[in-house]
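Colleague: Sharing start-v9.cif here; it has mmCIF, C-alpha atoms and all ligand atoms.
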```cif
data_target
#
loop_
_atom_site.label_atom_id
_atom_site.label_comp_id
_atom_site.auth_asym_id
_atom_site.auth_seq_id
_atom_site.Cartn_x
_atom_site.Cartn_y
_atom_site.Cartn_z
CA MET Y 29 67.19 45.24 -21.37
CA VAL Y 30 67.20 45.30 -25.19
CA GLU Y 31 63.81 44.98 -26.88
CA VAL Y 32 63.59 42.68 -29.91
CA SER Y 33 62.23 45.59 -31.89
CA GLU Y 34 65.56 47.42 -31.40
CA TYR Y 35 67.44 44.92 -33.57
CA PHE Y 36 68.19 45.90 -37.16
CA PRO Y 37 67.93 43.48 -40.08
CA GLY Y 38 70.94 41.17 -40.48
CA LEU Y 39 73.49 40.96 -43.26
CA LYS Y 40 74.27 37.62 -44.93
CA LEU Y 41 77.86 37.20 -46.08
CA THR Y 42 79.35 34.69 -48.49
CA LEU Y 43 83.03 33.91 -48.00
CA ASP Y 44 85.20 33.34 -51.06
CA VAL Y 45 88.02 31.14 -49.79
CA ARG Y 46 90.77 30.17 -52.23
CA PHE Y 47 93.48 27.55 -51.77
CA ARG Y 48 97.02 28.35 -52.89
CA LEU Y 49 100.68 27.99 -52.02
CA ALA Y 50 102.05 30.43 -49.44
CA THR Y 51 104.10 33.36 -50.69
CA LYS Y 52 106.80 35.34 -48.89
CA GLU Y 53 104.19 38.01 -48.13
CA ASP Y 54 102.15 35.45 -46.16
CA LEU Y 55 104.91 34.76 -43.64
CA PRO Y 56 104.16 37.60 -41.19
CA LEU Y 57 100.41 37.07 -41.71
CA LEU Y 58 100.69 33.40 -40.71
CA GLU Y 59 101.52 34.63 -37.22
CA TRP Y 60 97.83 35.56 -36.91
CA TYR Y 61 98.38 38.80 -35.02
CA GLY Y 62 100.55 37.27 -32.31
CA GLN Y 63 98.91 33.87 -31.88
CA TYR Y 64 101.78 32.12 -33.72
CA THR Y 65 104.64 34.61 -33.41
CA HIS Y 66 106.66 31.85 -31.72
CA PHE Y 67 106.66 29.94 -35.05
CA ARG Y 68 108.24 32.84 -37.03
CA ARG Y 69 111.45 30.92 -37.73
CA VAL Y 70 109.55 27.72 -38.45
CA PHE Y 71 107.48 29.51 -41.10
CA ALA Y 72 110.60 31.06 -42.66
CA LYS Y 73 112.42 27.71 -42.76
CA THR Y 74 109.40 25.90 -44.16
CA PHE Y 75 109.05 28.54 -46.86
CA ARG Y 76 112.72 28.11 -47.83
CA GLU Y 77 112.14 24.37 -48.07
CA GLN Y 78 109.07 24.97 -50.21
CA GLN Y 79 111.29 26.94 -52.60
CA LEU Y 80 113.78 24.05 -52.59
CA GLY Y 81 110.99 21.57 -53.30
CA SER Y 82 110.99 19.42 -50.16
CA ARG Y 83 107.94 20.93 -48.45
CA VAL Y 84 104.69 22.66 -49.42
CA MET Y 85 102.87 25.39 -47.49
CA LEU Y 86 99.24 25.41 -48.54
CA VAL Y 87 97.01 28.22 -47.29
CA ALA Y 88 93.31 29.02 -47.32
CA ASP Y 89 93.12 32.60 -48.55
CA LEU Y 90 90.26 34.89 -47.56
CA ASN Y 91 90.57 38.35 -49.11
CA GLY Y 92 94.34 37.96 -49.32
CA PHE Y 93 94.76 36.77 -45.73
CA PRO Y 94 95.83 33.19 -44.91
CA VAL Y 95 93.03 32.09 -42.55
CA GLY Y 96 94.01 28.42 -42.67
CA GLN Y 97 97.10 26.38 -43.39
CA ILE Y 98 98.47 22.90 -43.87
CA PHE Y 99 102.10 22.03 -44.47
CA ILE Y 100 103.38 19.00 -46.38
CA LEU Y 101 106.66 17.19 -45.98
CA LEU Y 102 107.22 15.45 -49.30
CA HIS Y 103 109.12 12.24 -49.78
CA MET Y 104 109.03 11.05 -46.22
CA ASN Y 105 111.55 8.20 -46.07
CA GLN Y 106 112.76 5.65 -43.61
CA ALA Y 107 114.92 8.18 -41.76
CA ARG Y 108 112.59 8.20 -38.80
CA GLY Y 109 112.94 4.48 -38.20
CA ASN Y 110 110.11 2.06 -37.77
CA MET Y 111 107.43 4.73 -37.25
CA TYR Y 112 106.88 4.59 -41.03
CA PRO Y 113 107.41 0.94 -41.87
CA ARG Y 114 105.92 0.82 -45.37
CA ALA Y 115 108.27 1.17 -48.28
CA ALA Y 116 105.86 3.14 -50.50
CA ARG Y 117 106.57 6.79 -51.02
CA ARG Y 118 104.56 8.93 -48.67
CA GLY Y 119 103.91 12.53 -47.72
CA TYR Y 120 103.37 13.87 -44.22
CA LEU Y 121 100.62 16.45 -43.60
CA TYR Y 122 101.09 18.63 -40.52
CA SER Y 123 100.47 22.04 -38.93
CA LEU Y 124 96.83 22.00 -40.00
CA ARG Y 125 94.95 24.90 -38.48
CA VAL Y 126 92.08 27.24 -39.25
CA MET Y 127 91.43 30.56 -37.49
CA ASP Y 128 89.11 30.06 -34.52
CA HIS Y 129 86.15 32.05 -35.83
CA LEU Y 130 86.18 30.23 -39.20
CA GLN Y 131 86.35 26.68 -37.86
CA GLY Y 132 83.59 24.20 -38.58
CA MET Y 133 82.83 25.63 -42.05
CA GLY Y 134 84.67 23.06 -44.15
CA ILE Y 135 87.98 24.89 -44.64
CA GLY Y 136 90.03 22.24 -42.79
CA THR Y 137 88.47 19.48 -44.88
CA ARG Y 138 89.34 21.28 -48.13
CA LEU Y 139 92.90 21.95 -46.96
CA ILE Y 140 93.41 18.22 -46.42
CA GLN Y 141 91.79 17.35 -49.77
CA GLU Y 142 93.92 19.88 -51.64
CA ALA Y 143 97.04 18.58 -49.87
CA GLU Y 144 96.14 15.04 -50.95
CA LYS Y 145 95.81 16.23 -54.55
CA ILE Y 146 99.34 17.66 -54.36
CA LEU Y 147 100.68 14.35 -53.03
CA LYS Y 148 98.93 12.38 -55.78
CA HIS Y 149 100.14 14.80 -58.43
CA ARG Y 150 103.68 14.11 -57.24
CA GLY Y 151 103.16 10.37 -57.43
CA LEU Y 152 103.03 9.73 -53.68
CA GLN Y 153 100.84 6.82 -52.63
CA TRP Y 154 100.21 7.47 -48.97
CA ALA Y 155 99.33 10.46 -46.81
CA ILE Y 156 100.36 10.42 -43.17
CA ILE Y 157 99.02 12.71 -40.48
CA SER Y 158 99.53 12.78 -36.73
CA VAL Y 159 97.16 14.00 -34.07
CA ALA Y 160 97.67 14.59 -30.37
CA LYS Y 161 95.95 11.92 -28.33
CA ASN Y 162 93.94 14.57 -26.51
CA ASN Y 163 92.58 16.06 -29.79
CA SER Y 164 89.74 13.64 -30.39
CA ARG Y 165 87.78 16.09 -32.59
CA ALA Y 166 90.62 16.41 -35.07
CA ARG Y 167 91.06 12.62 -35.05
CA GLN Y 168 87.35 12.26 -35.89
CA LEU Y 169 87.79 14.62 -38.82
CA TYR Y 170 90.72 12.60 -40.18
CA GLU Y 171 88.88 9.30 -39.75
CA ARG Y 172 85.89 10.75 -41.55
CA LEU Y 173 88.23 11.57 -44.44
CA GLY Y 174 89.50 7.99 -44.60
CA TYR Y 175 92.58 8.05 -42.35
CA ARG Y 176 93.24 5.10 -40.05
CA VAL Y 177 95.49 4.89 -37.01
CA TYR Y 178 98.47 2.62 -37.69
CA THR Y 179 100.74 3.40 -34.77
CA GLU Y 180 101.42 5.83 -31.98
CA SER Y 181 104.26 8.25 -31.46
CA PRO Y 182 105.78 9.78 -28.33
CA GLY Y 183 105.42 13.11 -30.19
CA VAL Y 184 108.74 14.51 -29.04
CA TRP Y 185 109.91 17.41 -31.19
CA GLN Y 186 111.43 20.84 -30.87
CA TYR Y 187 111.60 24.18 -32.62
CA ILE Y 188 113.44 27.48 -32.26
CA ASN Y 189 111.11 30.34 -31.37
CA HIS Y 190 111.26 33.96 -32.58
CA LEU Y 191 113.64 34.82 -29.70
CA GLY Y 192 116.09 32.07 -30.67
CA LYS Y 193 115.13 29.80 -27.77
CA ILE Y 194 114.79 26.05 -28.25
CA ILE Y 195 111.29 24.94 -27.26
CA LYS Y 196 110.88 21.24 -26.54
CA MET Y 197 107.47 19.71 -27.14
CA HIS Y 198 105.99 16.48 -25.87
CA GLU Y 199 102.62 15.60 -27.41
CA PRO Y 200 101.87 11.87 -27.37
CA SER Y 201 100.12 11.29 -30.69
CA TRP Y 202 98.33 8.87 -32.96
CA MET Y 203 99.79 8.39 -36.43
CA LEU Y 204 97.18 7.96 -39.16
CA GLU Y 205 97.61 6.95 -42.77
CA LYS Y 206 95.51 6.94 -45.91
CA ARG Y 207 96.14 5.20 -49.19
CA LEU Y 208 95.66 7.73 -51.98
CA LYS Y 209 93.63 6.39 -54.86
CA ASN Y 210 94.89 6.63 -58.46
CA ALA Y 211 98.35 7.62 -57.31
C1 LIG Y 301 91.10 20.83 -36.84
C2 LIG Y 301 90.80 22.01 -37.76
C3 LIG Y 301 91.99 22.31 -38.66
C4 LIG Y 301 89.61 21.62 -38.65
O1 LIG Y 301 89.32 22.71 -39.51
P1 LIG Y 301 87.81 23.13 -39.71
O2 LIG Y 301 87.77 24.11 -40.81
O3 LIG Y 301 87.26 23.56 -38.41
O4 LIG Y 301 87.21 21.72 -40.14
P2 LIG Y 301 85.90 21.39 -40.99
O5 LIG Y 301 84.92 22.48 -40.87
O6 LIG Y 301 86.31 20.99 -42.36
O7 LIG Y 301 85.42 20.09 -40.25
C5 LIG Y 301 84.85 20.20 -38.96
C6 LIG Y 301 85.46 19.10 -38.09
O8 LIG Y 301 86.76 19.49 -37.66
C7 LIG Y 301 86.94 19.07 -36.30
N1 LIG Y 301 87.07 20.29 -35.48
C8 LIG Y 301 86.32 21.39 -35.49
N2 LIG Y 301 86.78 22.29 -34.61
C9 LIG Y 301 87.86 21.74 -34.04
C10 LIG Y 301 88.78 22.19 -33.06
N3 LIG Y 301 88.69 23.38 -32.49
N4 LIG Y 301 89.79 21.38 -32.73
C11 LIG Y 301 89.92 20.16 -33.31
N5 LIG Y 301 89.06 19.69 -34.25
C12 LIG Y 301 88.05 20.47 -34.61
C13 LIG Y 301 85.70 18.29 -35.92
O9 LIG Y 301 85.88 16.93 -36.25
C14 LIG Y 301 84.65 18.92 -36.82
O10 LIG Y 301 83.59 18.06 -37.05
P3 LIG Y 301 82.32 18.15 -36.07
O11 LIG Y 301 81.85 19.56 -36.19
O12 LIG Y 301 81.39 17.12 -36.61
O13 LIG Y 301 82.84 17.85 -34.69
C15 LIG Y 301 90.44 23.31 -37.00
O14 LIG Y 301 89.30 23.08 -36.24
C16 LIG Y 301 91.55 23.81 -36.11
O15 LIG Y 301 92.36 24.61 -36.55
N6 LIG Y 301 91.59 23.37 -34.86
C17 LIG Y 301 92.60 23.81 -33.93
C18 LIG Y 301 93.98 23.29 -34.31
C19 LIG Y 301 93.98 21.78 -34.44
O16 LIG Y 301 93.45 21.06 -33.61
N7 LIG Y 301 94.63 21.30 -35.53
C20 LIG Y 301 94.76 19.89 -35.81
C21 LIG Y 301 96.07 19.42 -35.30
S1 LIG Y 301 96.26 17.68 -35.60
#
```
Kindly return the structure encoded in the file as structure tokens.
Ligand SMILES: CC(C)(COP(=O)(O)OP(=O)(O)OC[C@H]1O[C@@H](n2cnc3c(N)ncnc32)[C@H](O)[C@@H]1OP(=O)(O)O)[C@@H](O)C(=O)NCCC(=O)NCCS
Modeller:
Amino acid sequence: MVEVSEYFPGLKLTLDVRFRLATKEDLPLLEWYGQYTHFRRVFAKTFREQQLGSRVMLVADLNGFPVGQIFILLHMNQARGNMYPRAARRGYLYSLRVMDHLQGMGIGTRLIQEAEKILKHRGLQWAIISVAKNNSRARQLYERLGYRVYTESPGVWQYINHLGKIIKMHEPSWMLEKRLKNA
């Protein structure tokens, strides 16, 4: 058994987290040491689209490492049918995640707020976000930030993993929207 007297004094750390666009150097780091290797091609494609101007990859940078991320699909249009019925120009926020050990410290909130600023800066009036129906904590976070459910989605999508295999996903989801002020 360890006696209390055997503990040494603690060390308080302050984290300096910056928010910036992803660079090419971030792409392997976004795999988070194997946790998201299966998204290698998704990251590469999203980065190409960021360079072309149709998407944005925003990261939370801690000492040069992207510990959090949110991606933005700009200029979402009617292409996906009646899931997005409003005519106003809108941006879609997705792939929000923060490394496990840094969750609950406000990084996710800031990522969403910075993403909203980017949408407003580009003249978009609405932000859209989807959340799996079984992720009630994330839904609570979005509702706290002013998002409201406006419809549901079967959440059927697919991606090509790092081995070139098509992975089909089925995540029934809520779709939430938020009107961006001063857009
Ligand atoms: C959701 C997530 C991005 C939030 O980032 P964060 O930095 O932890 O968020 P903040 O510190 O700004 O806000 C905390 C709130 O986030 C939500 N949250 C925290 N941990 C979470 C987790 N593991 N999963 C889902 N939501 C979580 C809760 O609403 C929490 O508020 P609470 O502590 O009152 O319950 C982050 O927790 C995460 O990466 N979760 C796993 C992936 C995920 O669920 N992504 C969302 C997909 S829609």
Colleague: I'd like the neighbourhood of Lys209 (chain Y) as a PDB file with C-alpha atoms, in the coordinates of the input, where a residue qualifies if any of its atoms comes within 9 Å (using all atoms listed in the file), though same-chain residues fewer than 5 positions away should be ignored.
Modeller:
```pdb
ATOM      1  CA  LYS Y 148      98.930  12.380 -55.780  1.00  0.00           C
ATOM      2  CA  GLN Y 153     100.840   6.820 -52.630  1.00  0.00           C
ATOM      3  CA  TRP Y 154     100.210   7.470 -48.970  1.00  0.00           C
TER       4      TRP Y 154
END
```
Colleague: Please provide the set of residues having any atom within 8 Å of Met197 (chain Y), restricted to only C-alpha atoms, with same-chain residues fewer than 5 positions apart removed, written as a list of chain:residue names.
Modeller: Y:Gly183, Y:Val184, Y:Trp185, Y:Gln186
Colleague: Using the selection just defined, write its residues with C-alpha atoms as a PDB file, in the coordinates of the input.
Modeller:
```
ATOM      1  CA  GLY Y 183     105.420  13.110 -30.190  1.00  0.00           C
ATOM      2  CA  VAL Y 184     108.740  14.510 -29.040  1.00  0.00           C
ATOM      3  CA  TRP Y 185     109.910  17.410 -31.190  1.00  0.00           C
ATOM      4  CA  GLN Y 186     111.430  20.840 -30.870  1.00  0.00           C
TER       5      GLN Y 186
END
```
Colleague: List as a PyMOL selection string the protein and nucleic acid residues near Leu173 (chain Y), meaning an atom at most 10 Å away when only C-alpha atoms are counted, but skip any in the same chain fewer than 5 places from it.
Modeller: chain Y and resi 137+140-141+167-168+206
Colleague: Axis-aligned box over every listed atom of ligand LIG 301 (chain Y), padded by 6 Å per side: centre and edges in Å to one decimal, as lines of an AutoDock Vina configuration file?
Modeller:
```
center_x = 88.8
center_y = 20.8
center_z = -37.4
size_x = 26.9
size_y = 19.7
size_z = 21.9
```
Colleague: For ligand LIG 301 (chain Y), return the neighbouring residues as a PDB file with C-alpha atoms, in the frame of the given file (distance at most 8 Å; all atoms listed in the file).
Modeller:
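As written to disk, pocket_11.pdb reads:
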```pdb
ATOM      1  CA  GLY Y  96      94.010  28.420 -42.670  1.00  0.00           C
ATOM      2  CA  TYR Y 122     101.090  18.630 -40.520  1.00  0.00           C
ATOM      3  CA  SER Y 123     100.470  22.040 -38.930  1.00  0.00           C
ATOM      4  CA  LEU Y 124      96.830  22.000 -40.000  1.00  0.00           C
ATOM      5  CA  ARG Y 125      94.950  24.900 -38.480  1.00  0.00           C
ATOM      6  CA  VAL Y 126      92.080  27.240 -39.250  1.00  0.00           C
ATOM      7  CA  MET Y 127      91.430  30.560 -37.490  1.00  0.00           C
ATOM      8  CA  ASP Y 128      89.110  30.060 -34.520  1.00  0.00           C
ATOM      9  CA  LEU Y 130      86.180  30.230 -39.200  1.00  0.00           C
ATOM     10  CA  GLN Y 131      86.350  26.680 -37.860  1.00  0.00           C
ATOM     11  CA  GLY Y 132      83.590  24.200 -38.580  1.00  0.00           C
ATOM     12  CA  MET Y 133      82.830  25.630 -42.050  1.00  0.00           C
ATOM     13  CA  GLY Y 134      84.670  23.060 -44.150  1.00  0.00           C
ATOM     14  CA  ILE Y 135      87.980  24.890 -44.640  1.00  0.00           C
ATOM     15  CA  GLY Y 136      90.030  22.240 -42.790  1.00  0.00           C
ATOM     16  CA  THR Y 137      88.470  19.480 -44.880  1.00  0.00           C
ATOM     17  CA  ARG Y 138      89.340  21.280 -48.130  1.00  0.00           C
ATOM     18  CA  ILE Y 157      99.020  12.710 -40.480  1.00  0.00           C
ATOM     19  CA  SER Y 158      99.530  12.780 -36.730  1.00  0.00           C
ATOM     20  CA  VAL Y 159      97.160  14.000 -34.070  1.00  0.00           C
ATOM     21  CA  ALA Y 160      97.670  14.590 -30.370  1.00  0.00           C
ATOM     22  CA  ASN Y 163      92.580  16.060 -29.790  1.00  0.00           C
ATOM     23  CA  SER Y 164      89.740  13.640 -30.390  1.00  0.00           C
ATOM     24  CA  ARG Y 165      87.780  16.090 -32.590  1.00  0.00           C
ATOM     25  CA  ALA Y 166      90.620  16.410 -35.070  1.00  0.00           C
ATOM     26  CA  ARG Y 167      91.060  12.620 -35.050  1.00  0.00           C
ATOM     27  CA  GLN Y 168      87.350  12.260 -35.890  1.00  0.00           C
ATOM     28  CA  LEU Y 169      87.790  14.620 -38.820  1.00  0.00           C
ATOM     29  CA  TYR Y 170      90.720  12.600 -40.180  1.00  0.00           C
TER      30      TYR Y 170
END
```
Colleague: Between Y:Leu101, Y:Ala143, Y:Leu55, Y:Leu152, single out the one closest to Arg118 (chain Y), counting all atoms listed in the file.
Modeller: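 Looking only at the distances to Arg118 (chain Y), the closest residue turns out to be Y:Leu152.
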Colleague: Go ahead and compute the interatomic distance for CA of Leu41 (chain Y) and CA of His129 (chain Y), in Å to one decimal.
Modeller: 14.2 Å
Colleague: Reconstruct N, CA and C atoms of region 145-167 of chain Y; output as an mmCIF file, in the frame of the given file.
Modeller:
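Final output, saved to result-v7.cif:
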```cif
data_model
loop_
_atom_site.group_PDB
_atom_site.id
_atom_site.type_symbol
_atom_site.label_atom_id
_atom_site.label_comp_id
_atom_site.auth_asym_id
_atom_site.auth_seq_id
_atom_site.Cartn_x
_atom_site.Cartn_y
_atom_site.Cartn_z
ATOM 1 N N LYS Y 145 95.668 16.089 -53.092
ATOM 2 C CA LYS Y 145 95.810 16.230 -54.550
ATOM 3 C C LYS Y 145 97.270 16.499 -54.906
ATOM 4 N N ILE Y 146 97.921 17.335 -54.105
ATOM 5 C CA ILE Y 146 99.340 17.660 -54.360
ATOM 6 C C ILE Y 146 100.187 16.398 -54.241
ATOM 7 N N LEU Y 147 99.918 15.602 -53.203
ATOM 8 C CA LEU Y 147 100.680 14.350 -53.030
ATOM 9 C C LEU Y 147 100.477 13.441 -54.239
ATOM 10 N N LYS Y 148 99.222 13.283 -54.652
ATOM 11 C CA LYS Y 148 98.930 12.380 -55.780
ATOM 12 C C LYS Y 148 99.615 12.882 -57.050
ATOM 13 N N HIS Y 149 99.536 14.187 -57.242
ATOM 14 C CA HIS Y 149 100.140 14.800 -58.430
ATOM 15 C C HIS Y 149 101.642 14.508 -58.481
ATOM 16 N N ARG Y 150 102.240 14.377 -57.301
ATOM 17 C CA ARG Y 150 103.680 14.110 -57.240
ATOM 18 C C ARG Y 150 103.990 12.622 -57.176
ATOM 19 N N GLY Y 151 102.945 11.809 -57.351
ATOM 20 C CA GLY Y 151 103.160 10.370 -57.430
ATOM 21 C C GLY Y 151 103.308 9.682 -56.079
ATOM 22 N N LEU Y 152 102.931 10.360 -55.001
ATOM 23 C CA LEU Y 152 103.030 9.730 -53.680
ATOM 24 C C LEU Y 152 101.772 8.909 -53.417
ATOM 25 N N GLN Y 153 101.949 7.772 -52.769
ATOM 26 C CA GLN Y 153 100.840 6.820 -52.630
ATOM 27 C C GLN Y 153 100.134 6.871 -51.291
ATOM 28 N N TRP Y 154 100.793 7.446 -50.302
ATOM 29 C CA TRP Y 154 100.210 7.470 -48.970
ATOM 30 C C TRP Y 154 100.310 8.860 -48.369
ATOM 31 N N ALA Y 155 99.278 9.235 -47.616
ATOM 32 C CA ALA Y 155 99.330 10.460 -46.810
ATOM 33 C C ALA Y 155 99.374 10.030 -45.347
ATOM 34 N N ILE Y 156 100.213 10.691 -44.597
ATOM 35 C CA ILE Y 156 100.360 10.420 -43.170
ATOM 36 C C ILE Y 156 99.991 11.698 -42.427
ATOM 37 N N ILE Y 157 99.345 11.539 -41.294
ATOM 38 C CA ILE Y 157 99.020 12.710 -40.480
ATOM 39 C C ILE Y 157 99.099 12.284 -39.022
ATOM 40 N N SER Y 158 99.512 13.163 -38.143
ATOM 41 C CA SER Y 158 99.530 12.780 -36.730
ATOM 42 C C SER Y 158 98.599 13.710 -35.963
ATOM 43 N N VAL Y 159 98.081 13.195 -34.868
ATOM 44 C CA VAL Y 159 97.160 14.000 -34.070
ATOM 45 C C VAL Y 159 97.418 13.703 -32.590
ATOM 46 N N ALA Y 160 97.453 14.767 -31.807
ATOM 47 C CA ALA Y 160 97.670 14.590 -30.370
ATOM 48 C C ALA Y 160 96.564 13.715 -29.794
ATOM 49 N N LYS Y 161 96.938 12.852 -28.864
ATOM 50 C CA LYS Y 161 95.950 11.920 -28.330
ATOM 51 C C LYS Y 161 94.785 12.627 -27.647
ATOM 52 N N ASN Y 162 95.033 13.861 -27.185
ATOM 53 C CA ASN Y 162 93.940 14.570 -26.510
ATOM 54 C C ASN Y 162 93.099 15.415 -27.485
ATOM 55 N N ASN Y 163 93.342 15.278 -28.792
ATOM 56 C CA ASN Y 163 92.580 16.060 -29.790
ATOM 57 C C ASN Y 163 91.623 15.129 -30.531
ATOM 58 N N SER Y 164 90.610 14.667 -29.803
ATOM 59 C CA SER Y 164 89.740 13.640 -30.390
ATOM 60 C C SER Y 164 88.888 14.210 -31.536
ATOM 61 N N ARG Y 165 88.593 15.512 -31.499
ATOM 62 C CA ARG Y 165 87.780 16.090 -32.590
ATOM 63 C C ARG Y 165 88.543 16.074 -33.900
ATOM 64 N N ALA Y 166 89.821 16.427 -33.840
ATOM 65 C CA ALA Y 166 90.620 16.410 -35.070
ATOM 66 C C ALA Y 166 90.762 14.967 -35.561
ATOM 67 N N ARG Y 167 90.951 14.034 -34.640
ATOM 68 C CA ARG Y 167 91.060 12.620 -35.050
ATOM 69 C C ARG Y 167 89.790 12.181 -35.771
#
```
